[in-house]
file entry20.cif (mmCIF, C-alpha atoms)
data_my_file
#
loop_
_atom_site.label_atom_id
_atom_site.label_comp_id
_atom_site.auth_asym_id
_atom_site.auth_seq_id
_atom_site.Cartn_x
_atom_site.Cartn_y
_atom_site.Cartn_z
CA MET A 1 -18.19 34.36 13.66
CA ARG A 2 -21.02 33.65 11.24
CA CYS A 3 -23.50 30.86 11.97
CA ARG A 4 -22.82 29.09 8.68
CA LYS A 5 -19.11 28.86 9.41
CA VAL A 6 -19.71 27.80 13.02
CA ARG A 7 -22.14 25.05 12.05
CA ARG A 8 -19.63 23.53 9.64
CA ARG A 9 -17.12 23.36 12.48
CA LEU A 10 -19.41 22.13 15.26
CA SER A 11 -18.61 18.46 14.72
CA ALA A 12 -14.87 19.10 15.04
CA PHE A 13 -15.59 21.33 18.05
CA LEU A 14 -17.51 18.55 19.81
CA ASP A 15 -14.74 16.07 18.93
CA GLY A 16 -12.17 18.26 20.66
CA GLU A 17 -10.22 18.97 17.51
CA PHE A 18 -9.55 22.66 18.16
CA GLY A 19 -7.00 24.56 20.18
CA GLU A 20 -8.04 26.89 22.98
CA ARG A 21 -8.36 29.98 20.79
CA GLU A 22 -10.72 28.45 18.24
CA LYS A 23 -12.66 26.64 20.96
CA GLY A 24 -13.13 29.93 22.77
CA ARG A 25 -14.43 31.69 19.68
CA ILE A 26 -16.97 28.97 18.94
CA ALA A 27 -18.05 28.71 22.57
CA ALA A 28 -18.61 32.47 22.67
CA HIS A 29 -20.75 32.26 19.54
CA LEU A 30 -22.79 29.36 20.95
CA LYS A 31 -23.53 31.35 24.09
CA ALA A 32 -24.89 34.18 22.00
CA CYS A 33 -26.71 32.14 19.34
CA PRO A 34 -29.62 29.88 20.40
CA ALA A 35 -29.98 28.40 16.91
CA CYS A 36 -26.39 27.18 16.90
CA GLY A 37 -26.89 25.98 20.45
CA GLU A 38 -29.73 23.78 19.15
CA GLU A 39 -27.39 22.47 16.45
CA VAL A 40 -24.96 21.35 19.14
CA LYS A 41 -27.74 19.47 20.95
CA SER A 42 -28.83 17.84 17.71
CA LEU A 43 -25.28 16.71 16.87
CA SER A 44 -24.76 15.37 20.38
CA SER A 45 -28.02 13.38 20.12
CA LEU A 46 -26.92 12.01 16.78
CA SER A 47 -23.66 10.86 18.33
CA VAL A 48 -25.58 9.06 21.10
CA LEU A 49 -27.82 7.39 18.52
CA LEU A 50 -24.87 6.25 16.42
CA LYS A 51 -23.19 4.74 19.44
CA GLU A 52 -26.41 2.78 20.14
CA GLU A 53 -25.74 0.84 16.98
CA LYS A 54 -22.38 -0.30 18.24
CA GLU A 55 -22.94 -3.96 17.50
CA SER A 56 -19.93 -6.00 18.37
CA ILE A 57 -18.80 -9.34 16.96
CA ASN A 58 -15.91 -11.55 18.01
CA PRO A 59 -13.39 -13.35 15.86
CA SER A 60 -13.75 -17.13 15.80
CA PRO A 61 -11.64 -19.15 18.28
CA TYR A 62 -9.65 -20.49 15.30
CA PHE A 63 -8.71 -17.06 14.02
CA TRP A 64 -5.06 -17.16 14.99
CA GLY A 65 -4.69 -20.79 13.85
CA LYS A 66 -6.00 -19.97 10.38
CA LEU A 67 -3.84 -16.87 10.12
CA GLU A 68 -0.77 -18.79 11.23
CA GLN A 69 -1.46 -21.40 8.56
CA GLU A 70 -1.73 -18.73 5.85
CA ILE A 71 1.51 -17.16 7.03
CA GLY A 72 3.19 -20.59 6.93
CA LEU A 73 2.08 -21.10 3.32
CA ILE A 74 3.45 -17.73 2.30
CA GLU A 75 6.77 -18.40 4.03
CA GLU A 76 7.04 -21.78 2.30
CA SER A 77 6.39 -20.37 -1.13
CA LYS A 78 8.90 -17.55 -0.51
CA SER A 79 11.48 -20.18 0.47
CA ALA A 80 10.71 -22.30 -2.64
CA TRP A 81 11.27 -19.28 -4.87
CA GLY A 82 14.48 -18.54 -3.03
CA GLN A 83 15.80 -22.06 -3.64
CA LEU A 84 14.89 -21.90 -7.32
CA TRP A 85 16.72 -18.61 -7.73
CA GLU A 86 19.84 -20.06 -6.07
CA SER A 87 19.86 -23.10 -8.43
CA LEU A 88 19.49 -20.82 -11.43
CA ASN A 89 22.38 -18.73 -10.17
CA LYS A 90 24.64 -21.79 -9.80
CA ALA A 91 23.85 -23.16 -13.26
CA PHE A 92 23.46 -20.12 -15.41
CA VAL A 93 25.76 -17.47 -14.06
CA PRO A 94 29.04 -19.28 -14.90
CA ALA A 95 27.58 -20.37 -18.26
CA GLY A 96 26.51 -16.81 -18.91
CA ALA A 97 29.96 -15.48 -18.04
CA ALA A 98 31.62 -17.99 -20.44
CA ALA A 99 29.20 -17.04 -23.20
CA VAL A 100 30.01 -13.36 -22.73
CA LEU A 101 33.75 -14.09 -22.92
CA ILE A 102 33.46 -16.16 -26.11
CA PHE A 103 31.22 -13.56 -27.67
CA GLY A 104 33.73 -10.87 -26.72
CA LEU A 105 36.58 -12.74 -28.41
CA PHE A 106 34.50 -13.27 -31.53
CA ILE A 107 33.62 -9.58 -31.72
CA GLY A 108 37.30 -8.70 -31.20
CA ILE A 109 38.40 -10.87 -34.12
CA GLN A 110 35.68 -9.48 -36.36
CA LEU A 111 36.63 -5.92 -35.44
CA GLY A 112 40.28 -6.68 -36.19
CA GLN A 113 39.33 -7.87 -39.65
CA VAL A 114 37.27 -4.74 -40.20
CA VAL A 115 40.25 -2.52 -39.23
CA TYR A 116 42.60 -4.33 -41.57
CA SER A 117 40.05 -4.11 -44.38
CA GLN A 118 39.74 -0.38 -43.86
CA VAL A 119 43.56 0.03 -43.87
CA ALA A 120 43.65 -2.02 -47.07
CA ASP A 121 41.07 0.26 -48.64
CA ILE A 122 43.29 3.24 -47.91
CA LEU A 123 46.55 1.61 -49.15
CA GLY A 124 45.15 0.12 -52.43
CA PRO A 125 44.49 -3.41 -53.74
CA GLN A 126 48.18 -4.54 -54.14
CA ASP A 127 49.17 -3.52 -50.66
CA ALA A 128 45.80 -4.74 -49.44
CA SER A 129 46.71 -8.31 -50.32
CA LEU A 130 50.00 -7.87 -48.38
CA VAL A 131 48.03 -6.65 -45.43
CA GLN A 132 45.71 -9.64 -45.71
CA GLN A 133 48.70 -12.00 -45.92
CA GLU A 134 50.31 -10.40 -42.88
CA PHE A 135 47.00 -10.72 -41.04
CA ASP A 136 46.66 -14.40 -41.93
CA GLN A 137 50.28 -15.07 -41.09
CA SER A 138 49.98 -13.34 -37.72
CA LEU A 139 47.10 -15.59 -36.82
CA HIS A 140 48.93 -18.72 -37.92
CA LEU A 141 52.27 -17.81 -36.33
CA ASN A 142 54.25 -20.93 -35.35
CA THR A 143 58.02 -20.79 -35.94
CA LEU A 144 60.66 -18.35 -37.20
CA ASP A 145 59.88 -19.55 -40.69
CA ASP A 146 56.46 -17.97 -40.37
CA PHE A 147 57.66 -14.40 -39.86
CA PRO A 148 56.28 -12.07 -42.53
CA ARG A 149 58.58 -10.69 -45.29
CA GLU A 150 60.91 -7.83 -44.13
CA SER A 151 59.92 -8.37 -40.55
CA ILE A 152 62.56 -8.46 -37.82
CA GLY A 153 62.35 -12.24 -37.65
CA GLU A 154 62.97 -12.52 -41.39
CA ILE A 155 65.97 -10.18 -41.21
CA TYR A 156 67.45 -12.12 -38.32
CA LYS A 157 66.96 -15.36 -40.22
CA ALA A 158 68.79 -13.85 -43.20
CA LEU A 159 71.69 -12.77 -40.98
CA LEU A 160 71.97 -16.26 -39.59
CA ALA A 161 72.01 -17.71 -43.09
CA GLU A 162 74.84 -15.30 -44.19
CA ASN A 163 76.96 -16.32 -41.24
CA ASP A 164 76.48 -19.98 -42.07
CA LEU A 165 77.46 -19.39 -45.72
CA SER A 166 80.55 -17.42 -44.68
CA ASP A 167 81.61 -20.35 -42.45
CA MET B 168 5.26 -3.88 25.65
CA ASN B 169 3.98 -1.08 23.42
CA GLU B 170 3.16 -1.66 19.78
CA ILE B 171 6.31 -0.02 18.43
CA ASP B 172 8.42 -2.39 20.52
CA LEU B 173 6.33 -5.31 19.31
CA ILE B 174 6.86 -4.30 15.69
CA ARG B 175 10.57 -3.90 16.32
CA GLN B 176 10.71 -7.37 17.87
CA PHE B 177 8.76 -8.80 14.96
CA ARG B 178 11.16 -7.24 12.45
CA LEU B 179 13.99 -8.92 14.32
CA GLY B 180 12.29 -12.26 13.70
CA ASP B 181 10.14 -12.72 16.80
CA LYS B 182 6.88 -14.07 15.39
CA SER B 183 5.25 -14.17 18.82
CA ALA B 184 5.40 -10.35 18.81
CA PHE B 185 3.22 -10.37 15.72
CA ARG B 186 0.77 -12.69 17.45
CA ARG B 187 0.50 -10.24 20.33
CA LEU B 188 -0.31 -7.46 17.88
CA VAL B 189 -3.00 -9.63 16.31
CA GLU B 190 -4.51 -10.38 19.70
CA ARG B 191 -4.51 -6.69 20.57
CA TYR B 192 -6.27 -5.53 17.42
CA GLN B 193 -8.27 -8.43 16.01
CA HIS B 194 -11.45 -7.40 17.78
CA SER B 195 -11.34 -3.80 16.54
CA VAL B 196 -10.42 -4.76 13.00
CA ILE B 197 -13.14 -7.38 12.70
CA ASN B 198 -15.77 -4.94 13.94
CA LEU B 199 -14.66 -2.22 11.57
CA SER B 200 -14.77 -4.75 8.72
CA TYR B 201 -18.21 -5.87 9.87
CA ARG B 202 -19.52 -2.33 9.77
CA PHE B 203 -18.39 -2.04 6.19
CA LEU B 204 -19.39 -5.47 4.95
CA ARG B 205 -22.34 -6.34 7.22
CA ASN B 206 -21.46 -10.05 7.06
CA LYS B 207 -19.62 -11.91 9.81
CA GLU B 208 -17.83 -14.45 7.61
CA GLU B 209 -16.67 -11.78 5.20
CA ALA B 210 -15.59 -9.58 8.06
CA GLU B 211 -13.47 -12.42 9.44
CA ASP B 212 -11.95 -13.09 5.99
CA MET B 213 -11.21 -9.41 5.61
CA THR B 214 -9.57 -9.34 9.04
CA GLN B 215 -7.36 -12.27 8.05
CA GLU B 216 -6.44 -10.44 4.85
CA THR B 217 -5.65 -7.26 6.79
CA PHE B 218 -3.28 -9.00 9.17
CA LEU B 219 -1.62 -10.93 6.34
CA LYS B 220 -0.96 -7.68 4.50
CA ALA B 221 0.36 -6.18 7.72
CA TYR B 222 2.65 -9.20 8.18
CA LEU B 223 4.06 -8.86 4.68
CA SER B 224 4.50 -5.10 4.79
CA ALA B 225 5.58 -4.61 8.41
CA HIS B 226 8.98 -3.44 7.15
CA ARG B 227 7.22 -0.40 5.64
CA TYR B 228 5.60 0.77 8.87
CA GLN B 229 7.05 4.06 10.12
CA PRO B 230 6.69 4.78 13.85
CA THR B 231 5.76 8.42 13.04
CA THR B 232 2.10 7.29 12.97
CA LYS B 233 0.18 5.12 15.39
CA PHE B 234 0.32 1.45 14.53
CA SER B 235 -3.46 1.23 14.84
CA ALA B 236 -3.88 3.99 12.24
CA TRP B 237 -1.54 2.15 9.85
CA LEU B 238 -3.33 -1.14 10.43
CA PHE B 239 -6.78 0.39 10.04
CA LYS B 240 -5.73 2.04 6.80
CA ILE B 241 -5.00 -1.42 5.43
CA ALA B 242 -8.36 -2.65 6.75
CA VAL B 243 -10.32 0.28 5.28
CA ASN B 244 -8.68 -0.05 1.87
CA SER B 245 -9.27 -3.80 1.83
CA CYS B 246 -12.93 -3.39 2.76
CA LEU B 247 -13.52 -0.67 0.20
CA ASN B 248 -11.87 -2.77 -2.51
CA ARG B 249 -14.05 -5.71 -1.56
CA LEU B 250 -17.18 -3.59 -1.69
CA ARG B 251 -16.23 -2.17 -5.06
CA ASP B 252 -15.51 -5.63 -6.39
CA LYS B 253 -18.87 -6.85 -5.26
CA LYS B 254 -20.56 -3.65 -6.39
CA LYS B 255 -22.38 -3.88 -3.13
CA PHE B 256 -22.09 -0.21 -2.71
CA SER B 257 -24.34 1.76 -4.96
CA PHE B 258 -23.18 5.20 -6.02
CA SER B 259 -26.63 6.23 -7.04
CA ARG B 260 -28.15 9.41 -5.69
CA LEU B 261 -28.27 9.55 -1.95
CA GLU B 262 -31.98 10.36 -1.95
CA GLU B 263 -32.73 7.06 -3.68
CA ASN B 264 -30.78 5.16 -1.05
CA LEU B 265 -31.93 6.95 2.06
CA PRO B 266 -34.52 5.07 4.07
CA ALA B 267 -37.67 7.02 4.83
CA PRO B 268 -37.20 9.43 7.73
CA ALA B 269 -38.38 7.86 10.93
CA MET B 270 -40.65 10.72 11.83
CA ASP B 271 -43.96 9.00 11.42
CA GLN B 272 -43.30 6.34 13.96
CA PRO B 273 -45.73 5.86 16.83
CA ASP B 274 -45.26 8.06 19.84
CA ASN B 275 -43.50 5.35 21.79
CA CYS B 276 -39.78 5.04 21.12
CA LEU B 277 -38.79 2.50 18.53
CA GLU B 278 -37.76 -0.83 19.90
CA ARG B 279 -34.07 -0.91 20.51
CA ASP B 280 -33.40 -3.40 17.72
CA GLN B 281 -35.51 -1.44 15.27
CA LEU B 282 -33.60 1.67 16.16
CA LYS B 283 -30.27 -0.08 15.66
CA GLY B 284 -31.48 -1.33 12.28
CA LEU B 285 -32.52 2.17 11.30
CA VAL B 286 -29.18 3.63 12.28
CA ARG B 287 -27.38 0.85 10.42
CA GLU B 288 -29.38 1.48 7.28
CA ALA B 289 -28.75 5.18 7.48
CA ILE B 290 -24.98 4.65 7.78
CA ASP B 291 -24.96 2.05 5.00
CA SER B 292 -26.72 4.42 2.65
CA LEU B 293 -24.07 7.11 2.90
CA PRO B 294 -21.63 7.62 0.03
CA GLU B 295 -18.40 5.69 0.49
CA ASN B 296 -16.19 8.58 1.65
CA GLN B 297 -18.77 9.83 4.19
CA ARG B 298 -19.46 6.37 5.52
CA THR B 299 -15.74 5.74 6.01
CA VAL B 300 -15.17 8.86 8.11
CA ILE B 301 -18.30 8.23 10.20
CA LEU B 302 -17.17 4.69 11.00
CA LEU B 303 -13.64 5.77 11.86
CA ASN B 304 -14.76 8.81 13.86
CA GLN B 305 -17.75 7.48 15.75
CA TYR B 306 -16.70 3.90 16.39
CA GLU B 307 -12.93 3.90 16.34
CA GLU B 308 -12.46 7.46 17.66
CA PHE B 309 -9.54 8.38 15.45
CA SER B 310 -8.58 12.04 15.38
CA TYR B 311 -9.12 14.05 12.22
CA GLN B 312 -5.39 14.13 11.58
CA GLU B 313 -5.13 10.36 11.88
CA MET B 314 -8.05 9.91 9.53
CA ALA B 315 -6.52 12.34 7.05
CA ARG B 316 -3.30 10.28 7.01
CA MET B 317 -5.19 7.02 6.68
CA LEU B 318 -7.34 8.30 3.83
CA ASP B 319 -4.57 10.29 2.11
CA CYS B 320 -6.53 13.53 2.25
CA SER B 321 -6.40 16.82 4.15
CA VAL B 322 -7.84 17.46 7.61
CA SER B 323 -10.28 19.95 6.11
CA ALA B 324 -11.47 17.25 3.68
CA VAL B 325 -12.15 14.97 6.66
CA GLU B 326 -14.00 17.80 8.42
CA SER B 327 -16.06 18.47 5.33
CA ARG B 328 -16.94 14.80 4.80
CA LEU B 329 -17.97 14.40 8.44
CA PHE B 330 -20.12 17.52 8.25
CA ARG B 331 -21.94 16.23 5.18
CA ALA B 332 -22.26 12.72 6.61
CA LYS B 333 -23.86 14.02 9.78
CA GLU B 334 -26.19 16.30 7.81
CA ASN B 335 -27.34 13.29 5.80
CA LEU B 336 -27.75 11.11 8.87
CA ARG B 337 -29.77 13.81 10.62
CA LYS B 338 -32.15 13.96 7.69
CA VAL B 339 -32.93 10.27 8.00
CA LEU B 340 -32.89 10.02 11.77
CA ALA B 341 -34.59 13.34 12.45
CA GLY B 342 -37.46 11.87 14.45
CA GLN B 343 -35.20 9.82 16.65
CA ILE B 344 -32.81 12.68 17.23
CA LYS B 345 -35.66 14.86 18.51
CA LYS B 346 -36.59 12.18 20.99
CA GLU B 347 -32.99 11.85 22.16
CA ALA B 348 -32.71 15.58 22.63
CA ILE B 349 -35.71 15.73 24.98
#
call {"tool": "encode", "arguments": {"input": "entry20.cif", "output": "structure tokens"}}
result
Amino acid sequence: MRCRKVRRRLSAFLDGEFGEREKGRIAAHLKACPACGEEVKSLSSLSVLLKEEKESINPSPYFWGKLEQEIGLIEESKSAWGQLWESLNKAFVPAGAAAVLIFGLFIGIQLGQVVYSQVADILGPQDASLVQQEFDQSLHLNTLDDFPRESIGEIYKALLAENDLSD
Amino acid sequence: MNEIDLIRQFRLGDKSAFRRLVERYQHSVINLSYRFLRNKEEAEDMTQETFLKAYLSAHRYQPTTKFSAWLFKIAVNSCLNRLRDKKKFSFSRLEENLPAPAMDQPDNCLERDQLKGLVREAIDSLPENQRTVILLNQYEEFSYQEMARMLDCSVSAVESRLFRAKENLRKVLAGQIKKEAI
């Protein structure tokens, strides 16, 4: 193994990061190479020096109390948002559903008119007015008298009238 | 109870389990934060922030990694964000930041406090990514794999950063290292 490669790996070697095979190769190199051996000593000394700096501080005695308070605030605000969402659901969801239904009916009526108009365009203006009449009459359907001309209801009404006249 | 059991208990609604986790790790987290921020009040604030984030995202913790590694990842990211916000950390050339090598000191060893100060300065002057791995490796003793997961990089990137960090530290602390080696 070349010194340059070994030196780059010495830190990991000292930290016990390698398996037996790699450890063995590096150890063999270190035995044979005094310069790399010096590198190991230097890195070990550095590690000792760094650990000297290990200044330690302690959390304040109120640490948990403060944290608990912060957690409480977060839980409260979560719960407030939850309640608001529930109120909105109660008020607006049924209203929204009704609005969708009404809108759907309106669209349906408009589409119906469009279809009839298109049929009228195909049939011509005279028949178009008949179509429009039939459309209007269908919407305003109340009694037998309201059946459109030549419809089954109209024919039945005529039959009834003939029978009456014959009696 | 081990930490995975504590997390499990906490997820089931046992808040005292979370308190036990706080008590187990508050000392380590505050010291890691202190090494980044070099201010006790800020370190305590950062520790509070770390545990709050852990509380809110405990459902995301996967037991495939150590809980401490997951927690420290939150702490490291929070500290680095704080430092960036404060622009406390200068990204200028390392040579401008490095304190003078302590080679011309008198023959007697530096006083202990002076030495600690020197070491602290040397660590603080490292670029962000090198400083992070030095703090996690030397003081928290995480493995390279754990550090790689925490820092979202490869193991070889961690190795490379540590190598460069130690090269830089040796430049500054050369005189002291020689004395240690004797």
call {"tool": "atom_distance", "arguments": {"input": "entry20.cif", "atom1": "atom CA of Leu318 of chain B", "atom2": "atom CA of Asp172 of chain B"}}
result
25.3 Å
call {"tool": "closest_residue", "arguments": {"input": "entry20.cif", "among": "A:Lys5, A:Lys41, A:Lys31, A:Arg25", "to": "chain B", "atoms": "all atoms listed in the file"}}
result
A:Lys41
call {"tool": "resolve_selection", "arguments": {"input": "entry20.cif", "expression": "the PyMOL selection byres ((chain A) within 10 of (chain B))", "output": "JSON, numbers by chain"}}
result
{"A": [7, 8, 9, 10, 11, 12, 15, 16, 17, 38, 41, 42, 43, 44, 45, 46, 47, 48, 49, 50, 51, 52, 53, 54, 55, 56, 57, 58, 59, 60, 63, 64, 66, 67, 68, 70, 71, 74, 75]}
call {"tool": "atom_distance", "arguments": {"input": "entry20.cif", "atom1": "atom CA of Arg4 of chain A", "atom2": "atom CA of Arg316 of chain B"}}
result
27.2 Å
call {"tool": "atom_distance", "arguments": {"input": "entry20.cif", "atom1": "atom CA of Cys246 of chain B", "atom2": "atom CA of Val322 of chain B"}}
result
22.0 Å
call {"tool": "closest_residue", "arguments": {"input": "entry20.cif", "among": "B:Asn244, B:Asn335, B:Asn169, B:Ser321", "to": "Pro230 of chain B", "atoms": "only C-alpha atoms"}}
result
B:Asn169
call {"tool": "resolve_selection", "arguments": {"input": "entry20.cif", "expression": "the PyMOL selection byres ((chain B and resi 297) around 8)", "output": "count of residues only"}}
result
12
